[in-house]
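Trainee: Provided below: final.tsv, containing TSV, C-alpha atoms and all ligand atoms.
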chain	number	residue	atom	x	y	z
P	699	MET	CA	44.91	52.96	-31.97
P	700	LYS	CA	48.48	51.92	-32.62
P	701	ALA	CA	49.57	48.39	-31.80
P	702	ALA	CA	52.48	46.04	-32.43
P	703	TYR	CA	50.86	42.94	-33.95
P	704	PHE	CA	51.71	40.02	-36.22
P	705	LYS	CA	49.87	38.59	-39.22
P	706	GLU	CA	52.08	35.54	-39.73
P	707	HIS	CA	54.28	33.37	-37.52
P	708	GLY	CA	58.04	33.68	-37.34
P	709	GLY	CA	60.69	35.78	-35.65
P	710	SER	CA	60.71	39.35	-34.41
P	711	ASP	CA	60.70	40.61	-38.03
P	712	LYS	CA	57.05	39.52	-38.29
P	713	ILE	CA	55.97	42.18	-35.79
P	714	VAL	CA	54.30	45.16	-37.44
P	715	TYR	CA	53.71	48.51	-35.72
P	716	GLY	CA	50.67	50.31	-37.07
P	717	ASP	CA	46.94	51.00	-36.89
P	718	TYR	CA	44.78	48.34	-35.27
P	719	LYS	CA	41.09	48.11	-34.41
P	720	ASP	CA	40.09	50.03	-31.27
P	721	PRO	CA	38.88	47.85	-28.38
P	722	VAL	CA	35.38	48.57	-27.05
P	723	ALA	CA	34.09	48.38	-23.45
P	724	ASP	CA	30.85	46.64	-22.55
P	725	GLY	CA	29.01	45.51	-19.42
P	726	GLN	CA	31.73	43.09	-18.39
P	727	HIS	CA	34.80	44.58	-20.03
P	728	ALA	CA	36.81	47.74	-19.46
P	729	VAL	CA	39.31	49.36	-21.80
P	730	VAL	CA	42.69	50.11	-20.27
P	731	ARG	CA	45.07	52.72	-21.65
P	732	VAL	CA	48.34	50.80	-21.55
P	733	ARG	CA	51.14	52.65	-19.76
P	734	ALA	CA	53.50	49.67	-19.70
P	735	CYS	CA	53.34	46.07	-20.92
P	736	ALA	CA	55.89	43.39	-20.11
P	737	LEU	CA	57.19	40.73	-22.49
P	738	ASN	CA	57.05	37.05	-21.66
P	739	GLN	CA	58.32	33.77	-23.06
P	740	VAL	CA	54.75	32.86	-23.94
P	741	ASP	CA	54.79	35.83	-26.34
P	742	MET	CA	57.64	34.13	-28.18
P	743	LEU	CA	55.70	30.84	-28.44
P	744	LEU	CA	52.67	32.70	-29.78
P	745	LEU	CA	54.81	34.58	-32.28
P	746	ASP	CA	56.70	31.58	-33.66
P	747	GLY	CA	53.59	29.37	-33.82
P	748	ARG	CA	54.45	26.83	-31.13
P	749	PHE	CA	51.38	28.12	-29.29
P	750	PRO	CA	49.28	29.71	-32.04
P	751	PRO	CA	46.77	32.32	-30.83
P	752	PRO	CA	43.45	30.47	-30.39
P	753	GLU	CA	41.50	33.25	-32.10
P	754	GLY	CA	43.83	33.31	-35.09
P	755	LEU	CA	45.79	36.12	-36.74
P	756	PRO	CA	46.38	39.04	-36.71
P	757	HIS	CA	47.23	38.98	-33.02
P	758	VAL	CA	48.54	41.43	-30.42
P	759	ASN	CA	50.79	39.86	-27.78
P	760	GLY	CA	51.23	41.09	-24.22
P	761	CYS	CA	49.81	39.50	-21.06
P	762	GLU	CA	51.18	41.84	-18.39
P	763	VAL	CA	49.58	45.26	-18.43
P	764	ALA	CA	49.55	48.28	-16.15
P	765	GLY	CA	47.69	51.42	-17.14
P	766	THR	CA	44.72	53.64	-16.51
P	767	LEU	CA	41.04	52.84	-16.92
P	768	GLU	CA	39.57	54.49	-19.95
P	769	GLY	CA	36.48	52.83	-21.37
P	770	LEU	CA	34.19	51.80	-18.58
P	771	ASP	CA	30.61	50.66	-18.42
P	772	LYS	CA	28.27	51.81	-15.64
P	773	GLY	CA	27.96	48.16	-14.61
P	774	VAL	CA	31.41	48.19	-12.97
P	775	GLY	CA	30.83	50.49	-10.02
P	776	TRP	CA	33.98	49.93	-7.97
P	777	LEU	CA	36.26	51.09	-10.78
P	778	GLU	CA	36.78	54.77	-11.50
P	779	PRO	CA	37.68	56.27	-14.88
P	780	GLY	CA	41.36	57.26	-14.91
P	781	GLN	CA	42.19	54.89	-12.04
P	782	ARG	CA	45.63	53.26	-12.07
P	783	VAL	CA	45.26	49.53	-12.52
P	784	VAL	CA	47.20	46.36	-13.04
P	785	VAL	CA	45.45	43.60	-14.96
P	786	PHE	CA	45.18	40.03	-13.70
P	787	PRO	CA	45.92	38.14	-16.92
P	788	GLY	CA	43.85	34.96	-16.50
P	789	PHE	CA	40.29	34.53	-17.81
P	790	SER	CA	37.95	31.91	-16.36
P	791	CYS	CA	34.26	31.11	-16.80
P	792	GLY	CA	33.25	30.96	-13.13
P	793	THR	CA	30.78	28.15	-13.77
P	794	CYS	CA	32.69	24.97	-14.69
P	795	GLU	CA	33.53	22.23	-12.19
P	796	PHE	CA	37.03	23.60	-11.55
P	797	CYS	CA	35.97	27.23	-11.15
P	798	LEU	CA	33.33	26.09	-8.68
P	799	ARG	CA	36.06	24.27	-6.75
P	800	GLY	CA	37.93	27.61	-6.54
P	801	GLU	CA	40.63	26.41	-8.97
P	802	ARG	CA	40.17	28.99	-11.69
P	803	THR	CA	43.56	28.49	-13.33
P	804	VAL	CA	42.39	25.08	-14.54
P	805	CYS	CA	39.03	26.39	-15.77
P	806	LEU	CA	37.74	24.38	-18.74
P	807	ARG	CA	37.49	27.68	-20.64
P	808	TYR	CA	40.69	29.23	-19.29
P	809	GLY	CA	42.45	31.90	-21.28
P	810	TYR	CA	45.20	34.50	-21.02
P	811	LEU	CA	45.27	38.16	-21.89
P	812	GLY	CA	47.57	38.46	-24.88
P	813	ALA	CA	47.10	34.80	-25.85
P	814	HIS	CA	43.40	34.00	-26.07
P	815	LYS	CA	42.58	37.69	-26.56
P	816	ASP	CA	44.57	40.60	-27.95
P	817	GLY	CA	47.01	41.89	-25.36
P	818	GLY	CA	48.99	44.90	-24.29
P	819	TYR	CA	51.50	45.61	-27.08
P	820	ALA	CA	49.06	48.41	-27.88
P	821	GLU	CA	47.83	51.81	-26.78
P	822	LEU	CA	44.55	50.31	-25.55
P	823	VAL	CA	43.46	46.86	-24.44
P	824	ARG	CA	40.10	45.34	-23.56
P	825	VAL	CA	40.02	43.30	-20.36
P	826	PRO	CA	37.36	41.80	-18.07
P	827	ALA	CA	36.54	44.54	-15.55
P	828	ALA	CA	36.77	41.98	-12.74
P	829	ASN	CA	40.44	41.43	-13.64
P	830	CYS	CA	41.43	45.04	-12.85
P	831	LEU	CA	43.20	45.57	-9.53
P	832	ALA	CA	44.06	49.02	-8.19
P	833	LEU	CA	47.76	49.72	-8.66
P	834	PRO	CA	49.09	51.37	-5.46
P	835	GLU	CA	50.67	54.82	-5.94
P	836	ALA	CA	53.94	53.43	-4.55
P	837	ILE	CA	54.28	51.15	-7.59
P	838	SER	CA	55.14	52.68	-10.97
P	839	PHE	CA	53.38	51.53	-14.14
P	840	GLU	CA	56.66	49.95	-15.25
P	841	ALA	CA	57.00	47.96	-12.02
P	842	GLY	CA	53.30	47.09	-12.07
P	843	ALA	CA	53.58	45.60	-15.55
P	844	ALA	CA	56.48	43.43	-14.41
P	845	LEU	CA	54.39	41.64	-11.75
P	846	PRO	CA	51.21	39.93	-12.93
P	847	LEU	CA	52.57	36.86	-14.68
P	848	ALA	CA	56.11	36.30	-13.48
P	849	PHE	CA	55.57	37.08	-9.80
P	850	LEU	CA	52.18	35.44	-9.58
P	851	THR	CA	53.33	32.22	-11.26
P	852	SER	CA	56.39	31.97	-9.05
P	853	TRP	CA	54.42	32.86	-5.92
P	854	HIS	CA	51.78	30.21	-6.58
P	855	ALA	CA	54.48	27.64	-7.46
P	856	LEU	CA	56.51	28.17	-4.30
P	857	VAL	CA	53.90	29.13	-1.71
P	858	ALA	CA	50.79	27.21	-2.76
P	859	LYS	CA	52.17	24.23	-4.67
P	860	ALA	CA	55.60	23.50	-3.15
P	861	GLU	CA	54.48	24.72	0.31
P	862	LEU	CA	57.96	26.12	0.84
P	863	LYS	CA	59.15	26.27	4.46
P	864	PRO	CA	61.77	28.48	6.13
P	865	GLY	CA	65.20	26.91	5.99
P	866	GLN	CA	64.47	24.75	2.94
P	867	THR	CA	66.72	24.84	-0.12
P	868	VAL	CA	65.47	25.85	-3.56
P	869	LEU	CA	67.00	25.60	-7.02
P	870	VAL	CA	65.56	28.28	-9.31
P	871	GLN	CA	66.30	27.74	-13.00
P	872	ALA	CA	67.32	30.81	-15.04
P	873	ALA	CA	67.75	33.79	-12.70
P	874	GLY	CA	67.72	36.17	-15.65
P	875	SER	CA	64.14	35.33	-16.62
P	876	GLY	CA	61.07	37.08	-15.22
P	877	VAL	CA	59.88	34.00	-13.33
P	878	GLY	CA	63.41	33.23	-12.15
P	879	SER	CA	64.10	36.71	-10.80
P	880	ALA	CA	60.73	36.65	-9.03
P	881	ALA	CA	61.14	33.11	-7.63
P	882	ILE	CA	64.51	33.93	-6.05
P	883	GLN	CA	63.03	36.87	-4.15
P	884	ILE	CA	59.88	35.00	-3.10
P	885	ALA	CA	61.87	32.01	-1.84
P	886	ARG	CA	64.06	34.36	0.21
P	887	LEU	CA	60.97	36.15	1.55
P	888	MET	CA	59.71	32.73	2.72
P	889	GLY	CA	62.98	32.19	4.57
P	890	ALA	CA	64.39	29.59	2.18
P	891	ARG	CA	67.96	29.39	0.83
P	892	VAL	CA	68.35	29.74	-2.92
P	893	MET	CA	70.71	28.55	-5.61
P	894	THR	CA	70.12	29.49	-9.22
P	895	THR	CA	71.46	29.13	-12.74
P	896	VAL	CA	72.56	31.72	-15.30
P	897	GLY	CA	73.74	31.40	-18.89
P	898	SER	CA	76.51	34.00	-18.70
P	899	ASP	CA	78.87	35.22	-15.99
P	900	ASP	CA	77.63	38.81	-16.33
P	901	LYS	CA	74.34	37.68	-14.69
P	902	ILE	CA	76.00	36.28	-11.53
P	903	ALA	CA	76.10	39.57	-9.62
P	904	PHE	CA	72.51	40.26	-10.69
P	905	ALA	CA	71.33	36.88	-9.33
P	906	LYS	CA	73.14	37.47	-6.04
P	907	SER	CA	71.58	40.92	-5.71
P	908	LEU	CA	68.15	39.22	-5.76
P	909	GLY	CA	69.15	37.02	-2.83
P	910	ALA	CA	70.64	33.89	-4.43
P	911	GLU	CA	73.31	32.37	-2.23
P	912	HIS	CA	74.91	30.19	-4.92
P	913	VAL	CA	74.91	30.98	-8.65
P	914	VAL	CA	75.88	28.43	-11.30
P	915	ASN	CA	76.74	29.17	-14.91
P	916	TYR	CA	74.97	26.23	-16.58
P	917	ARG	CA	77.11	26.57	-19.70
P	918	THR	CA	80.38	25.94	-17.83
P	919	GLN	CA	79.24	24.16	-14.64
P	920	ASP	CA	77.08	21.12	-13.87
P	921	PHE	CA	74.13	22.39	-11.82
P	922	VAL	CA	73.38	18.88	-10.44
P	923	GLU	CA	76.91	18.56	-9.07
P	924	GLU	CA	76.74	22.12	-7.74
P	925	ALA	CA	73.42	21.40	-6.01
P	926	ARG	CA	74.92	18.32	-4.35
P	927	THR	CA	77.97	20.24	-3.17
P	928	TRP	CA	75.92	23.21	-1.99
P	929	THR	CA	73.65	20.95	0.12
P	930	ALA	CA	76.43	18.65	1.42
P	931	LYS	CA	75.26	15.82	-0.93
P	932	ARG	CA	71.67	16.03	0.31
P	933	GLY	CA	70.00	17.66	-2.71
P	934	VAL	CA	67.55	20.57	-2.72
P	935	ASP	CA	63.99	20.49	-1.40
P	936	VAL	CA	62.39	22.34	-4.30
P	937	VAL	CA	63.20	23.06	-7.95
P	938	VAL	CA	61.41	25.77	-9.92
P	939	GLU	CA	61.65	24.47	-13.52
P	940	HIS	CA	60.54	26.26	-16.68
P	941	ILE	CA	63.05	25.18	-19.32
P	942	GLY	CA	62.09	21.61	-20.24
P	943	GLY	CA	64.12	18.95	-22.02
P	944	GLU	CA	67.34	17.84	-20.37
P	945	THR	CA	67.01	20.59	-17.75
P	946	LEU	CA	63.79	19.00	-16.48
P	947	GLU	CA	65.35	15.54	-16.26
P	948	ARG	CA	68.50	16.78	-14.56
P	949	SER	CA	66.49	18.94	-12.15
P	950	THR	CA	65.04	15.78	-10.61
P	951	TYR	CA	68.61	14.56	-9.98
P	952	ALA	CA	69.24	17.75	-7.98
P	953	LEU	CA	66.27	17.02	-5.66
P	954	THR	CA	66.53	15.38	-2.27
P	955	ARG	CA	64.17	12.66	-1.09
P	956	LEU	CA	60.55	13.88	-0.80
P	957	GLY	CA	61.58	16.88	-2.91
P	958	THR	CA	59.21	18.83	-5.15
P	959	LEU	CA	59.74	19.89	-8.73
P	960	VAL	CA	57.32	22.59	-9.81
P	961	SER	CA	56.93	22.85	-13.57
P	962	ILE	CA	55.86	26.36	-14.58
P	963	GLY	CA	56.87	26.50	-18.23
P	964	SER	CA	58.59	24.86	-21.19
P	965	HIS	CA	60.69	27.63	-22.65
P	966	ASP	CA	63.19	25.48	-24.56
P	967	THR	CA	60.90	22.59	-25.44
P	968	HIS	CA	57.48	21.24	-24.47
P	969	TRP	CA	59.04	17.82	-23.96
P	970	GLY	CA	61.03	16.26	-21.19
P	971	ARG	CA	61.77	12.74	-20.01
P	972	LEU	CA	62.27	11.47	-16.51
P	973	ASP	CA	64.23	8.61	-15.01
P	974	LEU	CA	61.28	7.19	-13.12
P	975	ARG	CA	63.53	5.35	-10.68
P	976	HIS	CA	64.41	8.77	-9.24
P	977	VAL	CA	60.76	9.74	-9.02
P	978	TYR	CA	59.49	6.70	-7.13
P	979	SER	CA	62.54	5.74	-5.12
P	980	LYS	CA	63.02	9.30	-3.81
P	981	ASN	CA	59.23	9.82	-3.44
P	982	LEU	CA	59.42	12.99	-5.53
P	983	ARG	CA	56.49	15.24	-6.25
P	984	ILE	CA	56.30	16.58	-9.81
P	985	VAL	CA	53.70	19.37	-9.80
P	986	GLY	CA	52.47	21.51	-12.65
P	987	THR	CA	51.10	24.98	-12.15
P	988	ASN	CA	50.14	28.06	-14.12
P	989	LEU	CA	49.51	31.58	-12.86
P	990	GLY	CA	47.73	31.93	-9.48
P	991	SER	CA	44.77	33.77	-8.00
P	992	ILE	CA	43.76	37.43	-7.96
P	993	VAL	CA	44.11	37.40	-4.17
P	994	GLU	CA	47.72	36.24	-4.50
P	995	LEU	CA	48.41	39.08	-6.95
P	996	ARG	CA	46.99	41.54	-4.42
P	997	THR	CA	49.33	40.08	-1.76
P	998	ILE	CA	52.28	40.52	-4.13
P	999	LEU	CA	51.28	44.15	-4.77
P	1000	ASP	CA	51.33	44.73	-0.98
P	1001	TYR	CA	54.84	43.26	-0.69
P	1002	VAL	CA	56.11	45.33	-3.62
P	1003	ALA	CA	54.47	48.52	-2.30
P	1004	ASP	CA	56.27	48.17	1.03
P	1005	GLY	CA	59.57	47.20	-0.57
P	1006	ARG	CA	59.87	43.58	0.53
P	1007	LEU	CA	59.68	42.37	-3.09
P	1008	ARG	CA	60.86	44.39	-6.06
P	1009	ALA	CA	59.88	44.27	-9.68
P	1010	VAL	CA	62.96	43.62	-11.77
P	1011	VAL	CA	62.85	45.72	-14.91
P	1012	ASP	CA	65.80	45.41	-17.25
P	1013	ARG	CA	64.80	47.69	-20.11
P	1014	ALA	CA	61.82	49.53	-21.52
P	1015	PHE	CA	61.43	50.01	-25.28
P	1016	PRO	CA	58.99	52.37	-26.99
P	1017	LEU	CA	56.05	50.36	-28.36
P	1018	LYS	CA	57.04	51.28	-31.91
P	1019	ASP	CA	60.30	49.39	-31.26
P	1020	ALA	CA	58.50	46.20	-30.09
P	1021	ARG	CA	60.42	44.25	-32.72
P	1022	ALA	CA	63.73	45.17	-31.04
P	1023	ALA	CA	62.27	44.41	-27.61
P	1024	VAL	CA	61.23	40.92	-28.74
P	1025	GLN	CA	64.64	40.27	-30.31
P	1026	TYR	CA	66.32	41.38	-27.07
P	1027	VAL	CA	64.37	38.68	-25.17
P	1028	LEU	CA	64.92	36.07	-27.90
P	1029	ASP	CA	68.66	36.74	-27.60
P	1030	ARG	CA	68.35	36.17	-23.80
P	1031	LYS	CA	70.07	39.45	-23.09
P	1032	ASN	CA	67.63	40.43	-20.36
P	1033	LYS	CA	68.18	40.47	-16.63
P	1034	GLY	CA	64.59	40.58	-15.46
P	1035	LYS	CA	61.67	42.01	-17.35
P	1036	VAL	CA	61.59	43.82	-20.67
P	1037	LEU	CA	58.77	46.29	-21.29
P	1038	VAL	CA	57.14	48.12	-24.15
P	1039	ILE	CA	55.78	51.60	-23.45
P	1040	PRO	CA	53.13	53.07	-25.80
O	1	ZN	ZN	35.60	27.62	-15.44
If you convert what's in this file into structure tokens, what do you get?
Ligand SMILES: [Zn+2]
Mentor:
Amino acid sequence: MKAAYFKEHGGSDKIVYGDYKDPVADGQHAVVRVRACALNQVDMLLLDGRFPPPEGLPHVNGCEVAGTLEGLDKGVGWLEPGQRVVVFPGFSCGTCEFCLRGERTVCLRYGYLGAHKDGGYAELVRVPAANCLALPEAISFEAGAALPLAFLTSWHALVAKAELKPGQTVLVQAAGSGVGSAAIQIARLMGARVMTTVGSDDKIAFAKSLGAEHVVNYRTQDFVEEARTWTAKRGVDVVVEHIGGETLERSTYALTRLGTLVSIGSHDTHWGRLDLRHVYSKNLRIVGTNLGSIVELRTILDYVADGRLRAVVDRAFPLKDARAAVQYVLDRKNKGKVLVIP
């Protein structure tokens, strides 16, 4: 098969499009013919070596895949060859303490499609059969590929972790990102009010179209001051944070008493410091989360199929142009998801 892979760490120029070993199905794994694969920030960390692929190089990135079932073993009876599927990207063992508690995203042997195994920047990808969900006809492959990581992470962060309530106020960092564009919609669906940040004025209308009430250009405005003004000096109830560094620290200043910061990524830096006086005196909750459950992904598919949530696809590149697609994301040009199409 053809794939876009890398043999050494670095920038987008390290991505090579060419022949790659064909994946093989077995009793527990299916092979999916990739019809669309979305790019993520984690791809960039894998590529530049900040999060080196655990199985070493060469490596194929791509954790969000929609496609059709191709290779299939007789052991997986509920799946049909040719069926449209979207792939739940998390792998878990099912037997460790945390899996047995129903908390599979903190499995001791947790892994991601496209990180711990080769992913979807390819014509074919091997995935655990149990991770395949039927993709409703109402959802295109392109939209389906834009859902599994960004929507699921934001859903779990807001609904399960922050326990968002109608009428609460939410600050979503980086509306232009996949998780940001999903979090704005999910918070609105839950009946919350949303403010968000963008890095350029041309993303303001985009952020408002997703349902954000107040949009702040973080390069020219102070989002902490804006949050105070927007909430009549109260502060927001919830922050969805995935940038790290100073943004993490300042996000806690934007929170009201008893507020919750949900950390779902570290796209600028893995590090951040906190003024602990804010944390204890305001009784803040700082909660980490990654991904969510298969059931939550199925719920999201239902909402997208009936139009109450929408996948936000900015651009699709042919797989052979994966290098340009990656550079587009690295340059932060995207408003929503960027895809590669084999
Ligand atoms: Zn486990």
Trainee: As an exercise, work out the distance from atom CA of P:Pro1016 to atom CA of P:Leu1037 in Å and give it to one decimal place.
Mentor: 8.3 Å
Trainee: Which one is closest to P:Glu753: P:Gly963, P:Gly709, P:Gly812, P:Gly933? Count only C-alpha atoms.
Mentor: P:Gly812
Trainee: Between atom CA of P:Arg917 and atom CA of P:Asn981, what is the distance in Å, rounded to a tenth?
Mentor: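 Interatomic distance here is 29.4 Å.
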Trainee: Within 10 Å of ligand ZN 1 (chain O), counting only C-alpha atoms and all ligand atoms: which residues, as a PyMOL selection string?
Mentor: chain P and resi 789-809
Trainee: Could those selected residues go to a file with C-alpha atoms, as a JSON list (two decimals), in the coordinates of the input?
Mentor:
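Dumped everything to out-v9.json:
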[["chain", "number", "residue", "atom", "x", "y", "z"],
["P", 789, "PHE", "CA", 40.29, 34.53, -17.81],
["P", 790, "SER", "CA", 37.95, 31.91, -16.36],
["P", 791, "CYS", "CA", 34.26, 31.11, -16.80],
["P", 792, "GLY", "CA", 33.25, 30.96, -13.13],
["P", 793, "THR", "CA", 30.78, 28.15, -13.77],
["P", 794, "CYS", "CA", 32.69, 24.97, -14.69],
["P", 795, "GLU", "CA", 33.53, 22.23, -12.19],
["P", 796, "PHE", "CA", 37.03, 23.60, -11.55],
["P", 797, "CYS", "CA", 35.97, 27.23, -11.15],
["P", 798, "LEU", "CA", 33.33, 26.09, -8.68],
["P", 799, "ARG", "CA", 36.06, 24.27, -6.75],
["P", 800, "GLY", "CA", 37.93, 27.61, -6.54],
["P", 801, "GLU", "CA", 40.63, 26.41, -8.97],
["P", 802, "ARG", "CA", 40.17, 28.99, -11.69],
["P", 803, "THR", "CA", 43.56, 28.49, -13.33],
["P", 804, "VAL", "CA", 42.39, 25.08, -14.54],
["P", 805, "CYS", "CA", 39.03, 26.39, -15.77],
["P", 806, "LEU", "CA", 37.74, 24.38, -18.74],
["P", 807, "ARG", "CA", 37.49, 27.68, -20.64],
["P", 808, "TYR", "CA", 40.69, 29.23, -19.29],
["P", 809, "GLY", "CA", 42.45, 31.90, -21.28]]
Trainee: Of the residues P:Val913, P:Ile984, P:Val732, P:Ile962, which is the one nearest to P:Tyr819, using only C-alpha atoms?
Mentor: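 Closest to P:Tyr819 of all the choices is P:Val732.
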Trainee: Rounded to one decimal in Å, what is the spacing between atom CA of P:Arg782 and atom CA of P:Val730?
Mentor: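 For atom CA of P:Arg782 relative to atom CA of P:Val730, the distance reads 9.3 Å.
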Trainee: P:Thr766, P:Ser838, P:Gln871, P:Gln883: which is nearest P:Ala1003, counting all atoms listed in the file?
Mentor: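 The shortest atom-to-atom distance to P:Ala1003 comes from P:Ser838.
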Trainee: Could you pull the residues within 9 Å of P:Lys980, counting only C-alpha atoms, minus those fewer than 6 positions along the same chain, as JSON, numbers by chain?
Mentor: {"P": [953, 954, 955, 956, 957]}
Trainee: Taking the structure in the block just given, could you write stretch 1000-1008 of chain P with all heavy atoms, as a PDB file, in the first residue's frame?
Mentor:
ATOM      1  N   ASP P1000     -24.536  10.192  16.936  1.00  0.00           N
ATOM      2  CA  ASP P1000     -25.982  10.449  16.878  1.00  0.00           C
ATOM      3  C   ASP P1000     -26.262  11.942  16.733  1.00  0.00           C
ATOM      4  O   ASP P1000     -27.103  12.352  15.930  1.00  0.00           O
ATOM      5  CB  ASP P1000     -26.677   9.924  18.152  1.00  0.00           C
ATOM      6  CG  ASP P1000     -26.729   8.408  18.207  1.00  0.00           C
ATOM      7  OD1 ASP P1000     -26.536   7.773  17.143  1.00  0.00           O
ATOM      8  OD2 ASP P1000     -26.953   7.860  19.305  1.00  0.00           O
ATOM      9  N   TYR P1001     -25.574  12.755  17.517  1.00  0.00           N
ATOM     10  CA  TYR P1001     -25.781  14.212  17.453  1.00  0.00           C
ATOM     11  C   TYR P1001     -25.354  14.781  16.098  1.00  0.00           C
ATOM     12  O   TYR P1001     -25.985  15.696  15.567  1.00  0.00           O
ATOM     13  CB  TYR P1001     -25.022  14.919  18.578  1.00  0.00           C
ATOM     14  CG  TYR P1001     -25.737  14.908  19.911  1.00  0.00           C
ATOM     15  CD1 TYR P1001     -25.212  14.224  20.999  1.00  0.00           C
ATOM     16  CD2 TYR P1001     -26.933  15.602  20.077  1.00  0.00           C
ATOM     17  CE1 TYR P1001     -25.861  14.218  22.224  1.00  0.00           C
ATOM     18  CE2 TYR P1001     -27.591  15.598  21.298  1.00  0.00           C
ATOM     19  CZ  TYR P1001     -27.056  14.901  22.375  1.00  0.00           C
ATOM     20  OH  TYR P1001     -27.704  14.899  23.580  1.00  0.00           O
ATOM     21  N   VAL P1002     -24.276  14.246  15.546  1.00  0.00           N
ATOM     22  CA  VAL P1002     -23.815  14.742  14.242  1.00  0.00           C
ATOM     23  C   VAL P1002     -24.783  14.296  13.148  1.00  0.00           C
ATOM     24  O   VAL P1002     -25.130  15.067  12.248  1.00  0.00           O
ATOM     25  CB  VAL P1002     -22.373  14.266  13.947  1.00  0.00           C
ATOM     26  CG1 VAL P1002     -21.954  14.651  12.530  1.00  0.00           C
ATOM     27  CG2 VAL P1002     -21.402  14.867  14.965  1.00  0.00           C
ATOM     28  N   ALA P1003     -25.253  13.031  13.250  1.00  0.00           N
ATOM     29  CA  ALA P1003     -26.175  12.509  12.224  1.00  0.00           C
ATOM     30  C   ALA P1003     -27.464  13.321  12.172  1.00  0.00           C
ATOM     31  O   ALA P1003     -28.016  13.545  11.091  1.00  0.00           O
ATOM     32  CB  ALA P1003     -26.478  11.031  12.502  1.00  0.00           C
ATOM     33  N   ASP P1004     -27.932  13.801  13.327  1.00  0.00           N
ATOM     34  CA  ASP P1004     -29.184  14.582  13.285  1.00  0.00           C
ATOM     35  C   ASP P1004     -28.940  16.087  13.248  1.00  0.00           C
ATOM     36  O   ASP P1004     -29.884  16.876  13.392  1.00  0.00           O
ATOM     37  CB  ASP P1004     -30.152  14.153  14.398  1.00  0.00           C
ATOM     38  CG  ASP P1004     -29.735  14.625  15.772  1.00  0.00           C
ATOM     39  OD1 ASP P1004     -28.794  15.441  15.870  1.00  0.00           O
ATOM     40  OD2 ASP P1004     -30.354  14.189  16.754  1.00  0.00           O
ATOM     41  N   GLY P1005     -27.683  16.487  13.075  1.00  0.00           N
ATOM     42  CA  GLY P1005     -27.386  17.890  12.790  1.00  0.00           C
ATOM     43  C   GLY P1005     -27.218  18.797  13.997  1.00  0.00           C
ATOM     44  O   GLY P1005     -27.034  20.001  13.843  1.00  0.00           O
ATOM     45  N   ARG P1006     -27.238  18.235  15.201  1.00  0.00           N
ATOM     46  CA  ARG P1006     -27.106  19.107  16.373  1.00  0.00           C
ATOM     47  C   ARG P1006     -25.640  19.429  16.693  1.00  0.00           C
ATOM     48  O   ARG P1006     -25.350  20.385  17.382  1.00  0.00           O
ATOM     49  CB  ARG P1006     -27.821  18.501  17.586  1.00  0.00           C
ATOM     50  CG  ARG P1006     -29.330  18.724  17.493  1.00  0.00           C
ATOM     51  CD  ARG P1006     -30.048  18.221  18.724  1.00  0.00           C
ATOM     52  NE  ARG P1006     -30.143  16.769  18.709  1.00  0.00           N
ATOM     53  CZ  ARG P1006     -30.614  16.036  19.714  1.00  0.00           C
ATOM     54  NH1 ARG P1006     -31.007  16.622  20.822  1.00  0.00           N
ATOM     55  NH2 ARG P1006     -30.696  14.728  19.618  1.00  0.00           N
ATOM     56  N   LEU P1007     -24.729  18.605  16.207  1.00  0.00           N
ATOM     57  CA  LEU P1007     -23.295  18.934  16.228  1.00  0.00           C
ATOM     58  C   LEU P1007     -22.813  18.788  14.793  1.00  0.00           C
ATOM     59  O   LEU P1007     -23.355  17.974  14.037  1.00  0.00           O
ATOM     60  CB  LEU P1007     -22.505  17.968  17.124  1.00  0.00           C
ATOM     61  CG  LEU P1007     -22.742  18.033  18.637  1.00  0.00           C
ATOM     62  CD1 LEU P1007     -21.971  16.906  19.324  1.00  0.00           C
ATOM     63  CD2 LEU P1007     -22.314  19.385  19.206  1.00  0.00           C
ATOM     64  N   ARG P1008     -21.793  19.563  14.424  1.00  0.00           N
ATOM     65  CA  ARG P1008     -21.275  19.386  13.065  1.00  0.00           C
ATOM     66  C   ARG P1008     -19.758  19.286  13.080  1.00  0.00           C
ATOM     67  O   ARG P1008     -19.074  20.024  13.803  1.00  0.00           O
ATOM     68  CB  ARG P1008     -21.754  20.516  12.148  1.00  0.00           C
ATOM     69  CG  ARG P1008     -21.164  21.867  12.409  1.00  0.00           C
ATOM     70  CD  ARG P1008     -21.697  22.877  11.378  1.00  0.00           C
ATOM     71  NE  ARG P1008     -21.351  24.237  11.775  1.00  0.00           N
ATOM     72  CZ  ARG P1008     -20.283  24.893  11.317  1.00  0.00           C
ATOM     73  NH1 ARG P1008     -19.472  24.325  10.457  1.00  0.00           N
ATOM     74  NH2 ARG P1008     -20.019  26.116  11.733  1.00  0.00           N
TER      75      ARG P1008
END
